[in-house]
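A.B. asks: Before we start, here is the structure in question, set down as structure tokens.
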Number of protein chains: 2
Amino acid sequence: MSGRPRDRDLELRLLSAAWSLLTSQGYDALKLTRVAAQANAHRTDVYRRWPSKVRLVTDALAEHLPPVSEFDTGSLHSDIRAYLDDLAASWSSPWIDGLVGLLADLRHDIDAELAFRKMGERRGQPMRNAIERAIERGEINEVPDLSLIGDLLEGPLMHRRMIGRQPLTPDYLEAVALSAVRLLTGTAVDA
Amino acid sequence: MSGRPRDRDLELRLLSAAWSLLTSQGYDALKLTRVAAQANAHRTDVYRRWPSKVRLVTDALAEHLPPVSEFDTGSLHSDIRAYLDDLAASWSSPWIDGLVGLLADLRHDIDAELAFRKMGERRGQPMRNAIERAIERGEINEVPDLSLIGDLLEGPLMHRRMIGRQPLTPDYLEAVALSAVRLLTGTAVDA
DNA sequence: ACATTTCGCTACGAGATGTAGCGGAATGGA
DNA sequence: TCCATTCCGCTACATCTCGTAGCGAAATGT
């Protein structure tokens with residue numbers, strides 16, 4: 001007994017509309033009425049699939065967020081720098097302007113918060129691989145705290161974009177990379 | 001012609017109530033009705049003084065946020081560590097849970113955002129003084145980008161508390177301090 | 001044909017924000 | 001003392017957004 005089938009296309013249209021509005025207007029300005037309108041649907045169609053706005057948006061992120069790039073440049077320093085360049089692209093993109101609103105709502109929905117955090121961890125995989133390789137090459141002696149390294153790399157970018165709201169220049173990224181690499185290798189390395 | 005004077009006490013009651021609710025419930029749960037009730041006032045009394053919720057809260061912050069502590073331990077490393085301990089206390093306090101909501105609203109009110117950022121810069125003064133002393137002592141050769149250092153120190157804490165939502169342990173703070181100090185001094189220093 | 005599930009649509013309730021306005025109270029000045 | 005002015009206490013209203021309820025119609029499997 002399987003009744004009328006779900007309109008998968010409607011689902012995708014809603015996700016696309018949510019992504020489109022998120023990137024163009026930010027999370028706060030993303031109203032479910034607008035999402036529905038842009039998807040040629042009704043507001044109730046949203047509630048039939050997602051229990052709340054924050055769930056819709058996290059699903060839209062999972063669907064449309066560009067995948068992370070892989071790399072293997074041969075040295076920890078340039079690997080970390082490549083990873084930071086990737087991060088910087090994300091943190092410089094316009095939809096980041098609305099991220100704080102999303103983060104605020106995530107605090108009220110543990111499941112959505114876990115899903116969001118999982119996405120972030122998946123995006124950190126290239127960085128963890130780079131450290132793994134550096135250990136095998138002997139560039140790093142002891143196994144570092146990976147969540148700490150993640151904070152050291154992404155934290156400054158997040159702080160600069162969310163509080164200072166300044167751009168991420170190549171020099172800036174190089175300094176952030178250096179601060180983490182020197183901590184990892186325990187040496188002064190090249191300037 | 002100066003009519004009935006403003007009730008300064010009412011103003012202070014409203015600010016105290018706002019601060020109290022902000023620290024106990026967080027920014028999102030802070031409703032103007034509650035603020036007024038706790039101050040033995042009416043919601044309209046709030047709107048007569050502040051144009052919006054975010055302005056009220058930034059004023060409450062400016063009024064009630066504890067001042068930063070000064071220090072001079074003799075070395076850049078321990079100065080930075082002392083500064084980080086101070087920052088960690090702020091970022092560990094319960095009201096930080098609601099900070100993201102405040103940050104989100106700040107994006108819609110440029111004046112409030114400037115006032116908020118100014119508060120943050122004032123709190124960074126001890127760190128800048130510490131670097132100044134380190135330069136005079138010869139621990140640092142070239143003058144660093146102070147906003148970068150601010151991001152390197154506060155960014156990881158912010159990231160860990162807002163995204164990972166994990167505690168700030170002494171070991172963690174020591175690692176963050178080391179990463180910045182090594183970048184500043186350009187040496188591997190002590191472990 | 002029949003049960004079942006979804007869809008399109010309208011309507012409603014709850015909660016918060018911000019505004020309007022009235023009568024009364026407190027002040028300074030004429 | 002009277003008056004203009006400004007603030008206070010209070011009620012009411014308009015708006016916006018979220019989230020829920022429910023109905024008739026459409027689309028499937030049996």
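Each chain in the structure tokens gets a letter, A, B, ..., in the order shown, and its residues are numbered from 1; ligands are numbered from 1 in order too.
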Within 8 Å of chain A, which residues of chain B show up when using only C-alpha atoms, listed as a PyMOL selection string?
C.D. replies: chain B and resi 28+98+100-101+103-104+117+148+151-160+162-164+172+175-176+178-180+182-183+186-188
A.B. asks: What's around Ala41 (chain A) at 8 Å? Count only C-alpha atoms (C1' of nucleotides), leave out sequence neighbours fewer than 5 positions away in its own chain, and write the answer as a PyMOL selection string.
C.D. replies: chain A and resi 10+14+36
A.B. asks: Write a file of the just-selected residues containing C-alpha atoms, as a short mmCIF file (atom, residue, chain, number, x, y, z; two decimals), in the first residue's frame.
C.D. replies:
data_model
loop_
_atom_site.label_atom_id
_atom_site.label_comp_id
_atom_site.auth_asym_id
_atom_site.auth_seq_id
_atom_site.Cartn_x
_atom_site.Cartn_y
_atom_site.Cartn_z
CA LEU A 10 9.84 19.21 -5.50
CA LEU A 14 13.16 23.36 -2.34
CA ALA A 36 8.62 28.00 -1.22
#
A.B. asks: What lies within 10 Å of DT4 (chain C) using only C-alpha atoms (C1' of nucleotides), ignoring chain neighbours under 2 positions off, as a list in words?
C.D. replies: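 Here the answer would be Met1, Ser2, Gly3 and Arg4 of chain A; DC2 and DT6 of chain C; DT28 and DG29 of chain D.
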A.B. asks: Which residues of chain D are close to chain B, meaning at most 7 Å apart when you count only C-alpha atoms (C1' of nucleotides), and how do they look as a list in words?
C.D. replies: DT5, DT6 and DC7 of chain D
A.B. asks: Residues near DG19 (chain D), anyone? I mean within 9 Å using only C-alpha atoms (C1' of nucleotides), not counting same-chain ones fewer than 5 positions away, as a PyMOL selection string.
C.D. replies: (chain A and resi 47+51-52) or (chain C and resi 14)
A.B. asks: Using only C-alpha atoms (C1' of nucleotides), find which residues of chain C lie within 8 Å of chain B and jot them down as a list of chain:residue names.
C.D. replies: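 Residues satisfying the distance criterion: C:DA16, C:DA26, C:DT27, C:DG28, C:DG29.
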A.B. asks: Please compute the CA of Val35 (chain B)-CA of Leu21 (chain B) distance, one decimal, in Å.
C.D. replies: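 Straight-line distance from CA of Val35 (chain B) to CA of Leu21 (chain B) works out to 7.2 Å.
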A.B. asks: Given the choices B:Asp9, B:Arg81, B:Gly138, B:Ala115, which gets closest to Arg55 (chain B) if the distance is worked out from only C-alpha atoms?
C.D. replies: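 Among the listed residues, B:Ala115 lies closest to Arg55 (chain B).
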A.B. asks: Please identify all polymer residues within 12 Å of DG24 (chain D), counting only C-alpha atoms (C1' of nucleotides), omitting same-chain residues fewer than 3 positions from it, and present them as number ranges by chain.
C.D. replies: C: 7-10
A.B. asks: Go ahead and save the residues from that selection, with N, CA and C atoms (P, O5', C5', C4', C3', O3' and C1' of nucleotides), as a PDB file, in the first residue's frame.
C.D. replies:
ATOM      1  P    DC C   7       4.436  15.490  -1.867  1.00  0.00           P
ATOM      2  O5'  DC C   7       3.226  16.292  -2.533  1.00  0.00           O
ATOM      3  C5'  DC C   7       2.715  15.857  -3.794  1.00  0.00           C
ATOM      4  C4'  DC C   7       1.590  16.765  -4.242  1.00  0.00           C
ATOM      5  C3'  DC C   7       1.844  18.248  -3.999  1.00  0.00           C
ATOM      6  O3'  DC C   7       1.545  18.986  -5.167  1.00  0.00           O
ATOM      7  C1'  DC C   7      -0.215  17.598  -3.023  1.00  0.00           C
ATOM      8  P    DG C   8       2.132  20.481  -5.303  1.00  0.00           P
ATOM      9  O5'  DG C   8       0.845  21.414  -5.238  1.00  0.00           O
ATOM     10  C5'  DG C   8      -0.281  21.140  -6.068  1.00  0.00           C
ATOM     11  C4'  DG C   8      -1.473  21.954  -5.604  1.00  0.00           C
ATOM     12  C3'  DG C   8      -1.127  23.389  -5.190  1.00  0.00           C
ATOM     13  O3'  DG C   8      -2.046  24.292  -5.789  1.00  0.00           O
ATOM     14  C1'  DG C   8      -2.274  22.290  -3.426  1.00  0.00           C
ATOM     15  P    DC C   9      -1.780  25.868  -5.628  1.00  0.00           P
ATOM     16  O5'  DC C   9      -2.695  26.197  -4.375  1.00  0.00           O
ATOM     17  C5'  DC C   9      -4.049  25.752  -4.374  1.00  0.00           C
ATOM     18  C4'  DC C   9      -4.658  25.900  -2.988  1.00  0.00           C
ATOM     19  C3'  DC C   9      -4.377  27.222  -2.290  1.00  0.00           C
ATOM     20  O3'  DC C   9      -5.526  28.041  -2.401  1.00  0.00           O
ATOM     21  C1'  DC C   9      -4.366  25.346  -0.792  1.00  0.00           C
ATOM     22  P    DT C  10      -5.459  29.568  -1.939  1.00  0.00           P
ATOM     23  O5'  DT C  10      -6.253  29.521  -0.552  1.00  0.00           O
ATOM     24  C5'  DT C  10      -7.325  28.623  -0.408  1.00  0.00           C
ATOM     25  C4'  DT C  10      -7.775  28.591   1.035  1.00  0.00           C
ATOM     26  C3'  DT C  10      -7.620  29.907   1.796  1.00  0.00           C
ATOM     27  O3'  DT C  10      -8.848  30.227   2.430  1.00  0.00           O
ATOM     28  C1'  DT C  10      -6.595  28.152   3.000  1.00  0.00           C
TER      29       DT C  10
END
